[in-house]
>>> print(open('entry-v2.pdb').read())   # PDB, C-alpha atoms, pLDDT in the B column
MODEL        1
ATOM      1  CA  MET A1121     -27.651 -28.546 -25.286  1.00 87.00           C
ATOM      2  CA  ASN A1122     -29.090 -28.097 -21.821  1.00 90.00           C
ATOM      3  CA  TRP A1123     -28.567 -25.202 -19.382  1.00 91.00           C
ATOM      4  CA  ALA A1124     -25.826 -26.974 -17.415  1.00 89.00           C
ATOM      5  CA  GLU A1125     -23.743 -27.553 -20.546  1.00 88.00           C
ATOM      6  CA  LEU A1126     -24.194 -23.933 -21.594  1.00 86.00           C
ATOM      7  CA  ARG A1127     -23.122 -22.768 -18.124  1.00 85.00           C
ATOM      8  CA  ASP A1128     -20.016 -24.966 -18.308  1.00 85.00           C
ATOM      9  CA  LEU A1129     -19.132 -23.584 -21.728  1.00 86.00           C
ATOM     10  CA  VAL A1130     -19.510 -19.992 -20.561  1.00 83.00           C
ATOM     11  CA  ASP A1131     -17.548 -20.654 -17.352  1.00 83.00           C
ATOM     12  CA  HIS A1132     -14.621 -22.043 -19.333  1.00 86.00           C
ATOM     13  CA  LEU A1133     -14.306 -19.185 -21.803  1.00 85.00           C
ATOM     14  CA  PRO A1134     -10.919 -17.402 -21.890  1.00 83.00           C
ATOM     15  CA  GLU A1135     -10.490 -14.504 -19.471  1.00 74.00           C
ATOM     16  CA  ASP A1136     -10.196 -11.941 -22.252  1.00 74.00           C
ATOM     17  CA  SER A1137     -13.341 -13.016 -24.101  1.00 78.00           C
ATOM     18  CA  ALA A1138     -16.131 -10.497 -24.596  1.00 77.00           C
ATOM     19  CA  THR A1139     -18.587 -12.588 -22.612  1.00 79.00           C
ATOM     20  CA  LYS A1140     -16.289 -12.868 -19.583  1.00 76.00           C
ATOM     21  CA  ALA A1141     -15.497  -9.156 -19.767  1.00 73.00           C
ATOM     22  CA  ALA A1142     -19.182  -8.239 -19.902  1.00 74.00           C
ATOM     23  CA  SER A1143     -20.069 -10.561 -17.022  1.00 74.00           C
ATOM     24  CA  GLY A1144     -17.159  -9.123 -15.012  1.00 71.00           C
ATOM     25  CA  GLY A1145     -18.540  -5.606 -15.421  1.00 70.00           C
ATOM     26  CA  ASP A1146     -16.098  -4.240 -18.027  1.00 71.00           C
ATOM     27  CA  VAL A1147     -17.558  -0.912 -19.151  1.00 68.00           C
ATOM     28  CA  GLN A1148     -14.945   0.143 -21.706  1.00 71.00           C
ATOM     29  CA  GLY A1149     -14.590  -3.197 -23.494  1.00 66.00           C
ATOM     30  CA  ARG A1150     -10.824  -3.392 -22.975  1.00 71.00           C
ATOM     31  CA  ARG A1151     -10.992  -7.082 -21.912  1.00 75.00           C
ATOM     32  CA  TRP A1152      -7.932  -7.450 -19.729  1.00 79.00           C
ATOM     33  CA  ASN A1153      -6.817 -10.824 -18.389  1.00 79.00           C
ATOM     34  CA  GLN A1154      -4.784 -11.485 -15.240  1.00 82.00           C
ATOM     35  CA  SER A1155      -1.424 -11.231 -16.995  1.00 87.00           C
ATOM     36  CA  THR A1156      -2.372  -7.801 -18.394  1.00 87.00           C
ATOM     37  CA  TYR A1157      -3.248  -6.586 -14.886  1.00 88.00           C
ATOM     38  CA  ILE A1158       0.081  -7.909 -13.568  1.00 94.00           C
ATOM     39  CA  LEU A1159       2.078  -6.294 -16.380  1.00 95.00           C
ATOM     40  CA  ALA A1160       0.346  -2.953 -15.834  1.00 94.00           C
ATOM     41  CA  ALA A1161       1.054  -3.149 -12.089  1.00 95.00           C
ATOM     42  CA  GLN A1162       4.729  -3.926 -12.774  1.00 97.00           C
ATOM     43  CA  TYR A1163       4.995  -1.020 -15.191  1.00 96.00           C
ATOM     44  CA  ASN A1164       3.398   1.358 -12.680  1.00 95.00           C
ATOM     45  CA  ALA A1165       5.736   0.136  -9.918  1.00 96.00           C
ATOM     46  CA  LEU A1166       8.726   0.673 -12.212  1.00 95.00           C
ATOM     47  CA  LEU A1167       7.544   4.226 -12.967  1.00 94.00           C
ATOM     48  CA  LEU A1168       7.234   4.924  -9.255  1.00 94.00           C
ATOM     49  CA  MET A1169      10.788   3.679  -8.619  1.00 93.00           C
ATOM     50  CA  ILE A1170      12.098   5.792 -11.512  1.00 91.00           C
ATOM     51  CA  ARG A1171      10.396   8.897 -10.110  1.00 91.00           C
ATOM     52  CA  VAL A1172      11.737   8.286  -6.599  1.00 90.00           C
ATOM     53  CA  LEU A1173      15.287   7.587  -7.787  1.00 90.00           C
ATOM     54  CA  TRP A1174      15.178  10.568 -10.153  1.00 89.00           C
ATOM     55  CA  ALA A1175      14.074  12.914  -7.383  1.00 86.00           C
ATOM     56  CA  ALA A1176      16.584  11.460  -4.900  1.00 86.00           C
ATOM     57  CA  HIS A1177      19.687  11.387  -7.069  1.00 87.00           C
ATOM     58  CA  LEU A1178      19.167  13.907  -9.843  1.00 84.00           C
ATOM     59  CA  LYS A1179      17.515  16.499  -7.573  1.00 77.00           C
ATOM     60  CA  GLY A1180      14.903  17.570 -10.058  1.00 78.00           C
ATOM     61  CA  ASP A1181      11.477  16.806 -11.321  1.00 83.00           C
ATOM     62  CA  PRO A1182      11.245  13.514 -13.203  1.00 82.00           C
ATOM     63  CA  PRO A1183       9.925  13.591 -16.758  1.00 83.00           C
ATOM     64  CA  ASP A1184       6.188  13.252 -17.147  1.00 86.00           C
ATOM     65  CA  MET A1185       5.503   9.558 -17.675  1.00 87.00           C
ATOM     66  CA  SER A1186       1.910   8.400 -17.618  1.00 91.00           C
ATOM     67  CA  SER A1187       0.932   5.264 -15.781  1.00 92.00           C
ATOM     68  CA  ILE A1188      -1.343   2.550 -17.115  1.00 90.00           C
ATOM     69  CA  ASP A1189      -4.812   2.635 -15.619  1.00 88.00           C
ATOM     70  CA  PRO A1190      -6.887  -0.554 -15.509  1.00 83.00           C
ATOM     71  CA  PRO A1191     -10.224  -0.553 -17.300  1.00 81.00           C
ATOM     72  CA  ALA A1192     -13.220   0.867 -15.484  1.00 77.00           C
ATOM     73  CA  LEU A1193     -15.655  -1.679 -14.101  1.00 76.00           C
ATOM     74  CA  GLU A1194     -19.253  -1.316 -12.980  1.00 79.00           C
ATOM     75  CA  ALA A1195     -18.121  -2.113  -9.433  1.00 79.00           C
ATOM     76  CA  ASP A1196     -15.763   0.885  -9.539  1.00 79.00           C
ATOM     77  CA  GLU A1197     -18.613   3.173 -10.561  1.00 80.00           C
ATOM     78  CA  GLN A1198     -20.803   1.814  -7.763  1.00 85.00           C
ATOM     79  CA  ARG A1199     -17.984   2.285  -5.251  1.00 87.00           C
ATOM     80  CA  VAL A1200     -17.508   5.907  -6.336  1.00 88.00           C
ATOM     81  CA  GLU A1201     -21.263   6.538  -6.004  1.00 91.00           C
ATOM     82  CA  GLN A1202     -21.255   5.000  -2.513  1.00 93.00           C
ATOM     83  CA  GLU A1203     -18.259   7.105  -1.449  1.00 93.00           C
ATOM     84  CA  GLU A1204     -19.946  10.277  -2.737  1.00 94.00           C
ATOM     85  CA  ALA A1205     -23.172   9.383  -0.916  1.00 94.00           C
ATOM     86  CA  ALA A1206     -21.226   8.747   2.300  1.00 94.00           C
ATOM     87  CA  ALA A1207     -19.454  12.097   1.936  1.00 93.00           C
ATOM     88  CA  ARG A1208     -22.762  13.893   1.369  1.00 94.00           C
ATOM     89  CA  TYR A1209     -24.274  12.179   4.429  1.00 93.00           C
ATOM     90  CA  SER A1210     -21.278  13.079   6.602  1.00 91.00           C
ATOM     91  CA  GLU A1211     -21.374  16.684   5.445  1.00 90.00           C
ATOM     92  CA  ALA A1212     -25.114  16.932   6.108  1.00 87.00           C
ATOM     93  CA  LEU A1213     -24.649  15.430   9.561  1.00 85.00           C
ATOM     94  CA  LEU A1214     -21.840  17.830  10.414  1.00 84.00           C
ATOM     95  CA  ASN A1215     -23.818  20.777   9.060  1.00 80.00           C
ATOM     96  CA  ARG A1216     -26.786  19.735  11.157  1.00 79.00           C
ATOM     97  CA  TYR A1217     -24.790  20.130  14.359  1.00 76.00           C
ATOM     98  CA  SER A1218     -22.603  23.044  13.336  1.00 72.00           C
ATOM     99  CA  PRO A1219     -22.919  26.038  15.664  1.00 67.00           C
ATOM    100  CA  GLY A1220     -23.272  28.600  12.900  1.00 65.00           C
ATOM    101  CA  ARG A1221     -26.728  27.592  11.742  1.00 62.00           C
ATOM    102  CA  THR A1222     -29.313  30.325  12.193  1.00 57.00           C
ATOM    103  CA  HIS A1223     -32.365  28.232  13.031  1.00 60.00           C
ATOM    104  CA  ASP A1224     -30.324  26.274  15.572  1.00 65.00           C
ATOM    105  CA  GLN A1225     -29.259  29.539  17.164  1.00 71.00           C
ATOM    106  CA  GLN A1226     -32.881  30.649  17.278  1.00 77.00           C
ATOM    107  CA  ALA A1227     -33.848  27.425  19.028  1.00 78.00           C
ATOM    108  CA  ILE A1228     -30.995  27.873  21.513  1.00 80.00           C
ATOM    109  CA  ASP A1229     -32.062  31.456  22.212  1.00 84.00           C
ATOM    110  CA  HIS A1230     -35.683  30.337  22.652  1.00 87.00           C
ATOM    111  CA  TRP A1231     -34.816  27.658  25.200  1.00 87.00           C
ATOM    112  CA  ALA A1232     -32.345  29.939  26.971  1.00 89.00           C
ATOM    113  CA  SER A1233     -35.127  32.500  27.429  1.00 91.00           C
ATOM    114  CA  LYS A1234     -37.453  29.771  28.731  1.00 90.00           C
ATOM    115  CA  ILE A1235     -34.801  28.712  31.262  1.00 91.00           C
ATOM    116  CA  ARG A1236     -34.346  32.335  32.382  1.00 90.00           C
ATOM    117  CA  GLU A1237     -38.123  32.667  32.819  1.00 90.00           C
ATOM    118  CA  LEU A1238     -38.229  29.550  34.972  1.00 89.00           C
ATOM    119  CA  GLU A1239     -35.284  30.755  37.046  1.00 89.00           C
ATOM    120  CA  THR A1240     -36.947  34.120  37.707  1.00 88.00           C
ATOM    121  CA  GLN A1241     -40.216  32.463  38.732  1.00 85.00           C
ATOM    122  CA  GLN A1242     -38.560  30.491  41.487  1.00 72.00           C
TER
ENDMDL
END
>>> encode(input="entry-v2.pdb", output="structure tokens")
Amino acid sequence: MNWAELRDLVDHLPEDSATKAASGGDVQGRRWNQSTYILAAQYNALLLMIRVLWAAHLKGDPPDMSSIDPPALEADEQRVEQEEAAARYSEALLNRYSPGRTHDQQAIDHWASKIRELETQQ
């Protein structure tokens, strides 16, 4: 068997095979296929409608019904890491220009005194 035949065999494996799941980034080994994703989405949509109708017509809190979460993928973990890094960068940038920083206030006071010196010399 050559490499092209092996590639074709791997490409045509079922969606819920271990090899496809591993190549797709499945971390938990749950091996979902497209129909499983669709069924979980339908179930979650049905739960949402039940909660809305319950709150609208029965005027109370709906019973606690847990939704079905899809399996975690490596791409999800990378996305979470990127979002956390972006949040840290934004916070650092905002902190850099926040008016309450002491060394920034010292620099402002220093340059304000320099400006006053120049104004008095003229």
>>> closest_residue(input="entry-v2.pdb", among="A:Met1121, A:Ala1176, A:Ala1138, A:Ala1207", to="Arg1151 of chain A", atoms="only C-alpha atoms")
A:Ala1138
>>> atom_distance(input="entry-v2.pdb", atom1="atom CA of Glu1194 of chain A", atom2="atom CA of Arg1127 of chain A")
22.4 Å
>>> resolve_selection(input="entry-v2.pdb", expression="the PyMOL selection byres ((chain A and resi 1135) around 8)", output="list in words")
Leu1133, Pro1134, Asp1136, Ser1137, Lys1140, Ala1141, Arg1151, Trp1152, Asn1153 and Gln1154 of chain A
>>> atom_distance(input="entry-v2.pdb", atom1="atom CA of Tyr1209 of chain A", atom2="atom CA of His1230 of chain A")
28.1 Å
>>> resolve_selection(input="entry-v2.pdb", expression="the PyMOL selection byres ((chain A and resi 1187) around 6)", output="ChimeraX atom specification")
/A:1164,1186,1188
>>> closest_residue(input="entry-v2.pdb", among="A:Asp1196, A:Glu1125, A:Lys1234, A:Asp1189", to="Ala1161 of chain A", atoms="all atoms listed in the file")
A:Asp1189
>>> atom_distance(input="entry-v2.pdb", atom1="atom CA of Asp1184 of chain A", atom2="atom CA of Leu1167 of chain A")
10.0 Å
>>> residues_around(input="entry-v2.pdb", residues="Ala1195 of chain A", least_positions_apart="5", cutoff="12 Å", atoms="all atoms listed in the file", output="VMD selection string")
chain A and resid 1143 to 1147 1200 to 1202
>>> axis_aligned_box(input="entry-v2.pdb", around="segment 1189-1195 of chain A", padding_each_side="8 Å", output="JSON")
{"center_x": -12.0, "center_y": 0.3, "center_z": -13.4, "size_x": 30.4, "size_y": 20.7, "size_z": 23.9}
